[in-house]
>>> print(open('protein_39.csv').read())   # CSV, C-alpha atoms and all ligand atoms
chain,number,residue,atom,x,y,z
A,1,MET,CA,-28.4,-1.8,-34.0
A,2,SER,CA,-24.8,-2.3,-34.9
A,3,LYS,CA,-23.6,-5.9,-35.5
A,4,CYS,CA,-20.4,-5.3,-33.5
A,5,GLU,CA,-19.8,-3.7,-30.2
A,6,LEU,CA,-16.5,-2.9,-28.5
A,7,PRO,CA,-16.1,-3.3,-24.8
A,8,PRO,CA,-15.5,0.0,-22.8
A,9,THR,CA,-12.2,-1.5,-21.4
A,10,ALA,CA,-9.7,-4.0,-22.7
A,11,GLY,CA,-10.5,-7.2,-20.8
A,12,LEU,CA,-8.5,-10.3,-21.5
A,13,PRO,CA,-10.7,-12.6,-23.6
A,14,LEU,CA,-11.0,-16.2,-22.5
A,15,LEU,CA,-10.2,-19.2,-24.8
A,16,PHE,CA,-12.2,-22.4,-24.9
A,17,LYS,CA,-9.2,-24.3,-23.4
A,18,ASP,CA,-9.2,-22.1,-20.4
A,19,LEU,CA,-12.5,-23.6,-19.4
A,20,LEU,CA,-11.4,-27.3,-19.5
A,21,SER,CA,-10.8,-28.9,-16.1
A,22,GLY,CA,-7.4,-30.3,-15.3
A,23,ARG,CA,-4.4,-29.3,-13.3
A,24,ALA,CA,-3.6,-25.7,-13.4
A,25,GLY,CA,-1.6,-25.0,-10.3
A,26,ASP,CA,-2.4,-22.7,-7.4
A,27,PHE,CA,-4.0,-19.4,-8.5
A,28,SER,CA,-3.0,-17.3,-5.5
A,29,GLN,CA,0.6,-18.5,-5.8
A,30,GLN,CA,0.6,-17.7,-9.6
A,31,LEU,CA,-0.8,-14.3,-9.0
A,32,ALA,CA,1.8,-13.6,-6.3
A,33,ALA,CA,4.5,-14.7,-8.8
A,34,PHE,CA,3.0,-12.4,-11.5
A,35,LEU,CA,3.0,-9.5,-9.1
A,36,ASP,CA,6.4,-10.5,-7.6
A,37,VAL,CA,5.1,-10.5,-4.0
A,38,PRO,CA,5.3,-13.2,-1.4
A,39,GLU,CA,1.6,-13.9,-1.0
A,40,VAL,CA,-1.9,-12.7,-2.1
A,41,GLY,CA,-5.4,-13.8,-1.0
A,42,VAL,CA,-8.0,-14.6,-3.6
A,43,GLU,CA,-11.6,-13.5,-2.8
A,44,CYS,CA,-14.9,-13.4,-4.7
A,45,SER,CA,-14.6,-9.7,-5.7
A,46,GLY,CA,-12.5,-6.7,-5.2
A,47,THR,CA,-15.1,-5.4,-2.8
A,48,ALA,CA,-14.9,-8.7,-0.8
A,49,SER,CA,-11.1,-8.3,-0.7
A,50,LEU,CA,-11.5,-4.8,0.7
A,51,ILE,CA,-14.0,-6.1,3.3
A,52,VAL,CA,-11.4,-8.7,4.4
A,53,ILE,CA,-8.8,-5.8,4.8
A,54,LEU,CA,-11.2,-3.4,6.6
A,55,GLU,CA,-12.5,-6.1,8.9
A,56,THR,CA,-8.9,-7.0,9.8
A,57,LEU,CA,-7.9,-3.4,10.5
A,58,ARG,CA,-11.1,-2.8,12.5
A,59,ARG,CA,-10.2,-5.6,14.8
A,60,ARG,CA,-6.8,-3.9,15.4
A,61,SER,CA,-8.2,-0.5,16.4
A,62,GLY,CA,-11.1,1.3,18.0
A,63,ARG,CA,-11.3,3.7,15.1
A,64,THR,CA,-14.4,3.8,13.0
A,65,ARG,CA,-14.0,6.3,10.1
A,66,VAL,CA,-12.7,5.5,6.6
A,67,VAL,CA,-11.9,8.2,4.1
A,68,VAL,CA,-12.6,7.5,0.4
A,69,PRO,CA,-12.1,9.7,-2.7
A,70,ALA,CA,-15.2,11.5,-3.9
A,71,TYR,CA,-14.6,10.1,-7.3
A,72,THR,CA,-14.5,6.3,-7.0
A,73,CYS,CA,-16.5,3.1,-7.3
A,74,PRO,CA,-19.7,3.1,-5.2
A,75,LEU,CA,-18.9,-0.4,-4.1
A,76,VAL,CA,-16.1,1.0,-2.0
A,77,VAL,CA,-18.8,2.8,0.1
A,78,PHE,CA,-20.7,-0.4,0.5
A,79,ALA,CA,-17.6,-2.3,1.6
A,80,VAL,CA,-17.0,0.3,4.4
A,81,ALA,CA,-20.7,0.1,5.4
A,82,HIS,CA,-20.6,-3.7,5.4
A,83,CYS,CA,-17.9,-3.6,8.1
A,84,GLY,CA,-20.0,-1.3,10.3
A,85,LEU,CA,-17.7,1.6,9.6
A,86,GLU,CA,-18.4,5.2,8.7
A,87,VAL,CA,-17.6,6.6,5.2
A,88,GLN,CA,-16.0,10.0,5.0
A,89,VAL,CA,-15.8,11.5,1.5
A,90,CYS,CA,-12.7,13.5,0.5
A,91,ASP,CA,-12.6,15.7,-2.6
A,92,VAL,CA,-10.0,15.0,-5.2
A,93,ARG,CA,-7.4,17.4,-6.7
A,94,LEU,CA,-8.6,19.6,-9.5
A,95,ARG,CA,-8.9,17.6,-12.8
A,96,SER,CA,-7.6,14.5,-11.1
A,97,PHE,CA,-8.9,11.4,-9.4
A,98,GLU,CA,-6.3,11.6,-6.6
A,99,LEU,CA,-7.2,12.6,-3.1
A,100,ASP,CA,-6.5,16.3,-2.4
A,101,PRO,CA,-3.8,16.3,0.3
A,102,GLY,CA,-5.0,19.6,1.9
A,103,THR,CA,-8.6,18.4,2.2
A,104,LEU,CA,-7.5,15.0,3.4
A,105,ALA,CA,-5.3,16.5,6.2
A,106,LYS,CA,-8.3,18.5,7.5
A,107,LEU,CA,-10.6,15.4,7.5
A,108,CYS,CA,-8.2,13.0,9.3
A,109,ASP,CA,-7.9,12.7,13.0
A,110,GLU,CA,-7.7,10.1,15.8
A,111,GLY,CA,-11.0,8.6,14.7
A,112,THR,CA,-9.7,7.8,11.2
A,113,LEU,CA,-9.1,4.1,10.7
A,114,ALA,CA,-8.0,4.1,7.1
A,115,ILE,CA,-7.6,6.1,3.9
A,116,ILE,CA,-8.4,4.4,0.6
A,117,PRO,CA,-6.7,6.2,-2.4
A,118,THR,CA,-7.7,4.9,-5.8
A,119,HIS,CA,-5.4,3.9,-8.8
A,120,LEU,CA,-7.9,4.6,-11.6
A,121,GLY,CA,-8.0,3.1,-15.0
A,122,GLY,CA,-4.5,1.6,-14.8
A,123,ARG,CA,-3.1,5.0,-13.7
A,124,VAL,CA,-1.0,5.1,-10.5
A,125,ALA,CA,-1.8,7.6,-7.8
A,126,ASP,CA,1.0,9.5,-6.0
A,127,LEU,CA,0.8,8.0,-2.5
A,128,ASP,CA,3.5,10.0,-0.8
A,129,PRO,CA,1.2,12.9,0.4
A,130,VAL,CA,-1.5,10.3,1.4
A,131,VAL,CA,1.0,8.2,3.4
A,132,ARG,CA,2.3,11.4,5.1
A,133,VAL,CA,-1.2,12.4,6.3
A,134,ALA,CA,-2.0,8.8,7.4
A,135,ARG,CA,1.2,8.5,9.4
A,136,HIS,CA,0.5,11.9,11.1
A,137,CYS,CA,-2.9,10.8,12.3
A,138,GLY,CA,-2.1,7.1,12.8
A,139,ALA,CA,-4.5,5.8,10.1
A,140,TYR,CA,-3.8,2.9,7.7
A,141,VAL,CA,-3.6,3.3,3.9
A,142,ILE,CA,-5.4,0.8,1.7
A,143,GLU,CA,-4.6,1.1,-2.0
A,144,ASP,CA,-7.7,0.6,-4.2
A,145,ALA,CA,-5.9,-0.9,-7.3
A,146,ALA,CA,-9.1,-2.6,-8.5
A,147,GLN,CA,-8.4,-1.2,-12.0
A,148,ALA,CA,-4.7,-1.6,-12.1
A,149,LEU,CA,-3.6,-5.3,-11.7
A,150,GLY,CA,0.0,-5.4,-13.1
A,151,ALA,CA,0.7,-1.7,-12.8
A,152,ARG,CA,4.1,-0.9,-11.2
A,153,ARG,CA,5.8,2.0,-9.5
A,154,GLN,CA,9.6,1.9,-9.3
A,155,GLY,CA,9.3,-1.7,-10.6
A,156,LYS,CA,7.1,-2.8,-7.8
A,157,SER,CA,3.5,-3.9,-7.7
A,158,LEU,CA,0.9,-1.5,-6.4
A,159,GLY,CA,-0.4,-2.3,-2.9
A,160,LEU,CA,2.9,-2.2,-1.1
A,161,VAL,CA,3.4,1.5,-0.4
A,162,GLY,CA,0.2,1.5,1.6
A,163,ASP,CA,-0.4,-1.0,4.4
A,164,ALA,CA,-2.6,-3.2,2.2
A,165,GLY,CA,-4.1,-3.1,-1.3
A,166,PHE,CA,-6.6,-5.0,-3.5
A,167,PHE,CA,-7.2,-5.7,-7.1
A,168,SER,CA,-10.4,-6.7,-8.9
A,169,LEU,CA,-10.9,-9.6,-11.2
A,170,ALA,CA,-14.4,-8.5,-12.3
A,171,ALA,CA,-15.4,-8.6,-16.0
A,172,GLY,CA,-13.9,-5.7,-17.8
A,173,LYS,CA,-11.0,-5.1,-15.4
A,174,GLY,CA,-8.5,-7.2,-17.3
A,175,LEU,CA,-7.9,-10.7,-16.0
A,176,THR,CA,-11.3,-12.0,-14.9
A,177,LEU,CA,-13.1,-14.8,-13.1
A,178,PHE,CA,-16.3,-12.8,-14.0
A,179,GLU,CA,-16.2,-11.7,-10.3
A,180,GLY,CA,-13.1,-12.0,-8.2
A,181,GLY,CA,-10.4,-10.1,-6.4
A,182,LEU,CA,-7.3,-10.3,-4.4
A,183,TRP,CA,-5.6,-8.6,-1.5
A,184,LEU,CA,-2.0,-8.1,-0.6
A,185,ALA,CA,0.1,-6.4,2.1
A,186,ALA,CA,3.7,-5.6,2.5
A,187,ASP,CA,3.9,-6.8,6.1
A,188,ALA,CA,4.0,-10.5,6.8
A,189,GLY,CA,2.2,-10.1,10.2
A,190,LEU,CA,-0.7,-8.2,8.5
A,191,ARG,CA,-0.8,-10.9,5.8
A,192,ALA,CA,-1.2,-13.6,8.4
A,193,GLU,CA,-4.1,-11.6,10.0
A,194,LEU,CA,-5.8,-11.1,6.6
A,195,LYS,CA,-5.6,-14.8,6.0
A,196,ASN,CA,-7.2,-15.5,9.4
A,197,THR,CA,-10.0,-13.0,8.8
A,198,SER,CA,-10.7,-14.5,5.4
A,199,GLN,CA,-10.9,-18.0,6.8
A,200,GLU,CA,-13.2,-16.8,9.5
A,201,ILE,CA,-15.6,-14.5,7.7
A,202,VAL,CA,-15.8,-16.0,4.1
A,203,PRO,CA,-18.2,-19.0,3.9
A,204,ARG,CA,-18.9,-21.4,1.1
A,205,LYS,CA,-22.1,-20.5,-0.7
A,206,LEU,CA,-23.0,-22.9,-3.4
A,207,GLY,CA,-25.7,-20.8,-5.0
A,208,TRP,CA,-23.6,-17.7,-5.5
A,209,GLU,CA,-20.6,-19.8,-6.8
A,210,ALA,CA,-22.8,-21.7,-9.2
A,211,LEU,CA,-24.1,-18.4,-10.6
A,212,ARG,CA,-20.6,-17.1,-11.0
A,213,CYS,CA,-19.5,-20.2,-12.8
A,214,LEU,CA,-22.4,-19.8,-15.3
A,215,GLU,CA,-21.6,-16.1,-15.7
A,216,LEU,CA,-17.9,-16.9,-16.4
A,217,LEU,CA,-19.0,-19.3,-19.1
A,218,GLY,CA,-21.2,-16.6,-20.5
A,219,TYR,CA,-18.3,-14.2,-20.5
A,220,ALA,CA,-16.1,-16.7,-22.3
A,221,LEU,CA,-18.8,-17.0,-25.0
A,222,ALA,CA,-19.9,-13.4,-25.3
A,223,TYR,CA,-16.8,-11.3,-24.8
A,224,ARG,CA,-16.1,-10.6,-28.4
A,225,PRO,CA,-17.4,-8.0,-30.8
A,226,HIS,CA,-20.3,-10.1,-32.1
A,227,GLY,CA,-21.4,-11.2,-28.7
A,228,LEU,CA,-21.2,-7.8,-26.8
A,229,PRO,CA,-24.2,-6.2,-28.5
A,230,TYR,CA,-26.3,-8.8,-26.7
A,231,VAL,CA,-24.7,-8.7,-23.3
A,232,TYR,CA,-23.7,-5.1,-23.2
A,233,GLY,CA,-24.7,-2.9,-26.1
A,234,ARG,CA,-28.5,-3.4,-26.0
A,235,ALA,CA,-28.8,-2.6,-22.3
A,236,LEU,CA,-26.5,0.4,-22.7
A,237,ARG,CA,-28.5,1.9,-25.5
A,238,ARG,CA,-31.8,1.3,-23.6
A,239,ALA,CA,-30.2,3.2,-20.6
A,240,LEU,CA,-29.1,6.0,-22.8
A,241,ARG,CA,-32.6,6.3,-24.3
A,242,GLN,CA,-34.0,6.5,-20.8
A,243,ASN,CA,-31.4,9.1,-19.9
A,244,ASP,CA,-30.1,7.0,-17.1
A,245,PRO,CA,-26.3,7.4,-16.9
A,246,VAL,CA,-26.0,5.3,-13.8
A,247,ALA,CA,-27.5,2.3,-15.6
A,248,ALA,CA,-25.5,3.1,-18.7
A,249,VAL,CA,-22.3,2.9,-16.8
A,250,GLY,CA,-23.5,-0.1,-14.8
A,251,ASP,CA,-23.3,1.7,-11.5
A,252,TYR,CA,-26.4,0.4,-9.8
A,253,PHE,CA,-25.1,-1.7,-6.9
A,254,SER,CA,-26.8,-3.3,-3.9
A,255,PRO,CA,-25.4,-2.7,-0.4
A,256,ASP,CA,-25.7,-6.5,0.2
A,257,ILE,CA,-22.2,-7.6,-0.9
A,258,PRO,CA,-21.9,-11.3,-1.6
A,259,VAL,CA,-19.0,-12.8,0.3
A,260,HIS,CA,-18.2,-16.4,-0.5
A,261,ARG,CA,-15.3,-18.7,-1.5
A,262,VAL,CA,-14.1,-19.0,-5.1
A,263,SER,CA,-14.3,-22.6,-6.5
A,264,PRO,CA,-11.2,-24.5,-7.7
A,265,TRP,CA,-12.7,-24.5,-11.2
A,266,ARG,CA,-12.9,-20.7,-11.5
A,267,GLN,CA,-9.4,-20.4,-10.0
A,268,ALA,CA,-8.1,-22.8,-12.6
A,269,VAL,CA,-9.6,-20.8,-15.4
A,270,GLY,CA,-7.8,-17.8,-13.9
A,271,CYS,CA,-4.5,-19.7,-13.8
A,272,ARG,CA,-4.7,-20.5,-17.5
A,273,ALA,CA,-5.7,-17.0,-18.6
A,274,LEU,CA,-3.0,-15.5,-16.3
A,275,LEU,CA,-0.4,-17.1,-18.6
A,276,ARG,CA,-1.5,-14.8,-21.4
A,277,LEU,CA,-1.8,-11.7,-19.3
A,278,PRO,CA,1.9,-10.4,-19.5
A,279,ALA,CA,1.9,-10.5,-23.3
A,280,PHE,CA,-1.6,-9.0,-23.5
A,281,GLN,CA,-0.6,-6.1,-21.2
A,282,ARG,CA,2.6,-5.5,-23.2
A,283,GLU,CA,0.4,-5.3,-26.4
A,284,LEU,CA,-2.0,-2.8,-24.7
A,285,ALA,CA,1.0,-0.7,-23.5
A,286,GLY,CA,2.4,-0.7,-27.0
A,287,ARG,CA,-0.8,0.5,-28.6
A,288,ALA,CA,-1.3,3.1,-25.9
A,289,ALA,CA,2.1,4.5,-26.6
A,290,GLN,CA,1.1,5.0,-30.2
A,291,ARG,CA,-2.4,6.3,-29.7
A,292,LEU,CA,-2.0,8.5,-26.6
A,293,PRO,CA,0.1,11.2,-28.3
A,294,ARG,CA,-2.5,11.4,-31.1
A,295,LEU,CA,-5.3,11.9,-28.6
A,296,ALA,CA,-3.4,14.3,-26.4
A,297,GLY,CA,-2.3,16.3,-29.5
A,298,ILE,CA,-5.9,17.5,-30.0
A,299,PRO,CA,-6.2,21.0,-28.5
A,300,GLY,CA,-8.4,20.9,-25.4
A,301,VAL,CA,-8.0,17.1,-24.9
A,302,GLU,CA,-6.1,16.0,-21.8
A,303,VAL,CA,-5.3,12.3,-21.4
A,304,LEU,CA,-4.1,10.8,-18.0
A,305,SER,CA,-0.7,9.2,-18.3
A,306,ASP,CA,2.2,8.0,-16.2
A,307,PRO,CA,4.9,10.1,-14.5
A,308,PRO,CA,8.6,8.9,-14.7
A,309,GLY,CA,9.2,5.7,-12.7
A,310,VAL,CA,5.7,4.5,-13.2
A,311,SER,CA,4.4,1.9,-15.6
A,312,GLY,CA,0.7,1.6,-15.4
A,313,THR,CA,-1.6,-0.7,-17.3
A,314,TRP,CA,-3.7,0.4,-20.3
A,315,PRO,CA,-7.2,-1.0,-20.3
A,316,VAL,CA,-8.6,2.5,-21.2
A,317,PHE,CA,-7.6,6.0,-21.9
A,318,VAL,CA,-9.1,8.4,-19.4
A,319,VAL,CA,-9.8,11.7,-21.2
A,320,LEU,CA,-10.6,15.1,-19.8
A,321,LEU,CA,-12.4,17.6,-21.9
A,322,PRO,CA,-12.7,21.4,-21.4
A,323,SER,CA,-16.3,21.4,-20.2
A,324,GLU,CA,-19.3,19.2,-19.4
A,325,ALA,CA,-21.1,20.6,-22.5
A,326,ILE,CA,-18.3,19.5,-24.9
A,327,ARG,CA,-18.0,16.1,-23.1
A,328,ASP,CA,-21.7,15.6,-23.5
A,329,ARG,CA,-21.7,16.5,-27.2
A,330,VAL,CA,-18.8,14.0,-27.8
A,331,LEU,CA,-20.7,11.3,-25.8
A,332,GLY,CA,-23.9,12.1,-27.6
A,333,GLU,CA,-22.2,10.9,-30.8
A,334,LEU,CA,-20.0,8.1,-29.5
A,335,TRP,CA,-21.4,6.5,-26.3
A,336,GLY,CA,-24.0,4.4,-28.0
A,337,ALA,CA,-22.0,3.9,-31.2
A,338,GLY,CA,-20.4,0.6,-30.2
A,339,VAL,CA,-16.8,2.0,-30.5
A,340,GLY,CA,-15.9,1.6,-26.8
A,341,VAL,CA,-16.3,5.2,-25.7
A,342,ALA,CA,-18.1,5.6,-22.3
A,343,ARG,CA,-17.9,7.1,-18.9
A,344,MET,CA,-16.0,5.6,-16.0
A,345,PHE,CA,-18.4,6.3,-13.0
A,346,ALA,CA,-21.6,8.2,-13.6
A,347,PHE,CA,-21.1,10.8,-10.8
A,348,ALA,CA,-19.1,11.9,-7.8
A,349,LEU,CA,-20.1,9.8,-4.8
A,350,PRO,CA,-22.3,12.5,-3.1
A,351,ASP,CA,-24.3,12.8,-6.4
A,352,TYR,CA,-25.6,9.2,-6.5
A,353,ALA,CA,-29.1,9.4,-5.0
A,354,TYR,CA,-28.9,5.8,-3.8
A,355,LEU,CA,-25.7,6.5,-1.8
A,356,GLN,CA,-27.3,9.3,0.2
A,357,PRO,CA,-27.8,7.2,3.4
A,358,TRP,CA,-24.0,6.5,3.6
A,359,VAL,CA,-22.3,9.5,2.1
A,360,GLY,CA,-24.8,12.3,2.7
A,361,HIS,CA,-24.8,15.5,0.7
A,362,GLY,CA,-21.2,16.6,1.0
A,363,VAL,CA,-19.7,18.9,-1.5
A,364,ALA,CA,-16.9,17.7,-3.7
A,365,PRO,CA,-16.6,20.2,-6.5
A,366,ASN,CA,-13.5,18.8,-8.0
A,367,ALA,CA,-14.9,15.3,-8.1
A,368,ARG,CA,-18.1,16.6,-9.6
A,369,GLU,CA,-16.1,18.4,-12.3
A,370,PHE,CA,-14.0,15.2,-13.0
A,371,ALA,CA,-17.2,13.2,-13.4
A,372,ALA,CA,-18.7,15.9,-15.7
A,373,CYS,CA,-15.7,16.5,-18.0
A,374,SER,CA,-14.2,13.0,-18.3
A,375,LEU,CA,-14.9,10.1,-20.6
A,376,THR,CA,-13.1,6.9,-21.4
A,377,ILE,CA,-11.9,5.3,-24.7
A,378,THR,CA,-11.3,1.6,-24.8
A,379,ASN,CA,-7.8,0.3,-25.6
A,380,SER,CA,-9.3,-3.0,-26.7
A,381,PRO,CA,-7.3,-4.8,-29.5
A,382,TRP,CA,-10.6,-4.8,-31.4
A,383,LEU,CA,-10.7,-1.0,-31.8
A,384,ASP,CA,-9.1,-0.7,-35.3
A,385,ASP,CA,-7.4,2.3,-36.7
A,386,ALA,CA,-10.4,3.5,-38.7
A,387,GLN,CA,-12.6,3.5,-35.6
A,388,PHE,CA,-9.9,5.2,-33.6
A,389,ASP,CA,-9.6,7.9,-36.3
A,390,GLN,CA,-13.4,8.3,-36.1
A,391,ILE,CA,-13.1,9.0,-32.4
A,392,LEU,CA,-10.3,11.5,-33.0
A,393,GLY,CA,-12.4,13.2,-35.6
A,394,VAL,CA,-15.4,13.6,-33.2
A,395,LEU,CA,-13.1,14.9,-30.5
A,396,SER,CA,-11.4,17.5,-32.8
A,397,ARG,CA,-14.7,18.7,-34.1
A,398,HIS,CA,-16.1,19.4,-30.7
A,399,CYS,CA,-13.0,20.6,-28.9
A,400,CYS,CA,-11.9,23.3,-31.3
B,1,LIG,C1,-14.5,-2.3,-9.7
B,1,LIG,C2,-13.9,-1.4,-8.6
B,1,LIG,C3,-14.0,-1.8,-7.3
B,1,LIG,C4,-14.8,-3.1,-6.8
B,1,LIG,O1,-14.3,-4.2,-7.4
B,1,LIG,P1,-15.3,-5.5,-7.7
B,1,LIG,O2,-14.4,-6.6,-8.1
B,1,LIG,O3,-16.2,-5.1,-8.8
B,1,LIG,O4,-16.0,-5.8,-6.4
B,1,LIG,C5,-13.5,-1.0,-6.3
B,1,LIG,N1,-12.8,0.1,-6.7
B,1,LIG,C6,-12.7,0.5,-7.9
B,1,LIG,C7,-12.0,1.8,-8.3
B,1,LIG,C8,-13.3,-0.2,-9.0
B,1,LIG,O5,-13.2,0.2,-10.2
>>> encode(input="protein_39.csv", output="structure tokens", more="lines below")
Ligand SMILES: *Cc1c(COP(=O)(O)O)cnc(C)c1O
Amino acid sequence: MSKCELPPTAGLPLLFKDLLSGRAGDFSQQLAAFLDVPEVGVECSGTASLIVILETLRRRSGRTRVVVPAYTCPLVVFAVAHCGLEVQVCDVRLRSFELDPGTLAKLCDEGTLAIIPTHLGGRVADLDPVVRVARHCGAYVIEDAAQALGARRQGKSLGLVGDAGFFSLAAGKGLTLFEGGLWLAADAGLRAELKNTSQEIVPRKLGWEALRCLELLGYALAYRPHGLPYVYGRALRRALRQNDPVAAVGDYFSPDIPVHRVSPWRQAVGCRALLRLPAFQRELAGRAAQRLPRLAGIPGVEVLSDPPGVSGTWPVFVVLLPSEAIRDRVLGELWGAGVGVARMFAFALPDYAYLQPWVGHGVAPNAREFAACSLTITNSPWLDDAQFDQILGVLSRHCC
């Protein structure tokens, strides 16, 4: 076993002083200031934030169907189910994580409550076609920006083009409370309703919150190259030996989504860490600007990047390879090697056996291809030039 292990995404490490109690200010206000929006709501996860949004929209309308991209986090399915709503899976565009507008238009009708486009891995989806379809059928748009806190389009935070949006503060998604999330909305009336829903449906649960406090302490201690073999690498290599990509990615989720309030202490930790986030994200963007052209320069390697007017965040590089066979050969060498190479989600949603009761056996060939041909490379500050060159070497060898 290697002594060091790099995380699959560039999370913001915590410092000892982040954990000390004391005045830190109001976390939701500081997040709102960071995003340059009037107000956000802090919840116990990205999924819980989505539940608050869905529950609010459900109360506004008799509609019951929610459209989600066929390549996204399985927790999105469970958030929809939690609210008693029906999931409808929509395929993505070819070699993309973005909803296919043609397929989307055919799925949506007067029963569609909401459409949930994803901004994946810090990349920003083009929402114009999604908003057009939504306006046509009277559905809401909820931006899943779980992986893109701090990404901007035309200088503005994500979550404002759609009716509402949410970010995740889970471990590995950048700024973290170990588990946490936040919602936002452009319209002040909807924000007031979201706040009401949250106050109504989110209880205090001491057991869950105590567990999260311990887990956050564990993250602060172990989120470093010498700690990660114990909290991440060992379980990863066991899953790989057992040929279980769902476990290797960390994609086994329970449909019982915990919903509870976040304690002042965890919010204070978030406040202190948030002070370092802008500089950390600038550092990640700078390194991405240097490394992305080298990756994309390898024939056969495609790397997702930003169109003009968009400045995403760079926790990972999302890489597309020419075929599943090539992708698997590259992962065969690098996934268990401790250099931060992994897969985003194990499968397209209809291909998770445990999601069958909620998503059925729909076909989503583009999402299936995206899942089969993609991999992620960490943009962690701990990935040094020699390790990055090693990854480039493996990619060149298998792609040519
Ligand atoms: C992680 C994630 C979620 C859920 O966020 P949690 O904070 O883990 O509940 C939703 N959507 C996407 C795309 C994610 O990556």
>>> residues_around(input="protein_39.csv", residues="stretch 255-258 of chain A", least_positions_apart="5", cutoff="12 Å", atoms="all atoms listed in the file", output="tab-separated table (two decimals) with C-alpha atoms, keeping the file's coordinate frame")
chain	number	residue	atom	x	y	z
A	43	GLU	CA	-11.60	-13.50	-2.80
A	44	CYS	CA	-14.90	-13.40	-4.70
A	45	SER	CA	-14.60	-9.70	-5.70
A	46	GLY	CA	-12.50	-6.70	-5.20
A	47	THR	CA	-15.10	-5.40	-2.80
A	48	ALA	CA	-14.90	-8.70	-0.80
A	49	SER	CA	-11.10	-8.30	-0.70
A	50	LEU	CA	-11.50	-4.80	0.70
A	51	ILE	CA	-14.00	-6.10	3.30
A	74	PRO	CA	-19.70	3.10	-5.20
A	75	LEU	CA	-18.90	-0.40	-4.10
A	76	VAL	CA	-16.10	1.00	-2.00
A	77	VAL	CA	-18.80	2.80	0.10
A	78	PHE	CA	-20.70	-0.40	0.50
A	79	ALA	CA	-17.60	-2.30	1.60
A	80	VAL	CA	-17.00	0.30	4.40
A	81	ALA	CA	-20.70	0.10	5.40
A	82	HIS	CA	-20.60	-3.70	5.40
A	83	CYS	CA	-17.90	-3.60	8.10
A	179	GLU	CA	-16.20	-11.70	-10.30
A	180	GLY	CA	-13.10	-12.00	-8.20
A	201	ILE	CA	-15.60	-14.50	7.70
A	202	VAL	CA	-15.80	-16.00	4.10
A	203	PRO	CA	-18.20	-19.00	3.90
A	204	ARG	CA	-18.90	-21.40	1.10
A	205	LYS	CA	-22.10	-20.50	-0.70
A	206	LEU	CA	-23.00	-22.90	-3.40
A	207	GLY	CA	-25.70	-20.80	-5.00
A	208	TRP	CA	-23.60	-17.70	-5.50
A	209	GLU	CA	-20.60	-19.80	-6.80
A	211	LEU	CA	-24.10	-18.40	-10.60
A	212	ARG	CA	-20.60	-17.10	-11.00
A	354	TYR	CA	-28.90	5.80	-3.80
A	355	LEU	CA	-25.70	6.50	-1.80
A	357	PRO	CA	-27.80	7.20	3.40
A	358	TRP	CA	-24.00	6.50	3.60
>>> closest_residue(input="protein_39.csv", among="A:His119, A:Ser61, A:Leu160, A:Val42", to="A:Val262", atoms="only C-alpha atoms")
A:Val42
>>> closest_residue(input="protein_39.csv", among="A:Tyr230, A:Tyr140, A:Phe370, A:Phe167", to="ligand LIG 1 (chain B)", atoms="all atoms listed in the file")
A:Phe167
>>> residues_near_point(input="protein_39.csv", point="(-15.7, 6.3, -18.7)", cutoff="9 Å", atoms="only C-alpha atoms", output="compact mmCIF listing (two decimals) with C-alpha atoms, in the coordinates of the input")
# COMPACT_ATOMS: atom_id res chain seq x y z
CA PRO A 8 -15.50 0.00 -22.80
CA THR A 9 -12.20 -1.50 -21.40
CA VAL A 249 -22.30 2.90 -16.80
CA VAL A 316 -8.60 2.50 -21.20
CA PHE A 317 -7.60 6.00 -21.90
CA VAL A 318 -9.10 8.40 -19.40
CA VAL A 319 -9.80 11.70 -21.20
CA VAL A 341 -16.30 5.20 -25.70
CA ALA A 342 -18.10 5.60 -22.30
CA ARG A 343 -17.90 7.10 -18.90
CA MET A 344 -16.00 5.60 -16.00
CA PHE A 345 -18.40 6.30 -13.00
CA ALA A 346 -21.60 8.20 -13.60
CA ALA A 371 -17.20 13.20 -13.40
CA SER A 374 -14.20 13.00 -18.30
CA LEU A 375 -14.90 10.10 -20.60
CA THR A 376 -13.10 6.90 -21.40
CA ILE A 377 -11.90 5.30 -24.70
CA THR A 378 -11.30 1.60 -24.80
>>> residues_around(input="protein_39.csv", residues="stretch 294-301 of chain A", least_positions_apart="3", cutoff="7 Å", atoms="only C-alpha atoms", output="MDAnalysis selection string")
chainID A and resid 291 319:322 392 396 399:400
>>> atom_distance(input="protein_39.csv", atom1="atom CA of A:Glu333", atom2="atom CA of A:Gln147")
26.3 Å
>>> atom_distance(input="protein_39.csv", atom1="atom CA of A:Thr56", atom2="atom O3 of ligand LIG 1 (chain B)")
20.1 Å
>>> residues_around(input="protein_39.csv", residues="A:Val68", least_positions_apart="5", cutoff="12 Å", atoms="only C-alpha atoms", output="ChimeraX atom specification")
/A:73-80,86-92,97-100,103-104,107-108,112-118,130,141-144,348-350,358-359,364,367
>>> closest_residue(input="protein_39.csv", among="A:Arg123, A:Arg368, A:Arg329, A:Arg65", to="ligand LIG 1 (chain B)", atoms="all atoms listed in the file")
A:Arg123
>>> residues_around(input="protein_39.csv", residues="A:His136", least_positions_apart="2", cutoff="10 Å", atoms="all atoms listed in the file", output="list in words")
Ala105, Cys108, Asp109, Glu110, Val131, Arg132, Val133, Ala134, Gly138 and Ala139 of chain A
>>> residues_near_point(input="protein_39.csv", point="(-1.9, -6.2, -16.8)", cutoff="12 Å", atoms="all atoms listed in the file", output="PyMOL selection string")
chain A and resi 10-12+31+34-35+121-123+145-152+157-158+167-169+173-176+273-285+311-316
>>> atom_distance(input="protein_39.csv", atom1="atom CA of A:Leu228", atom2="atom CA of A:Leu334")
16.2 Å
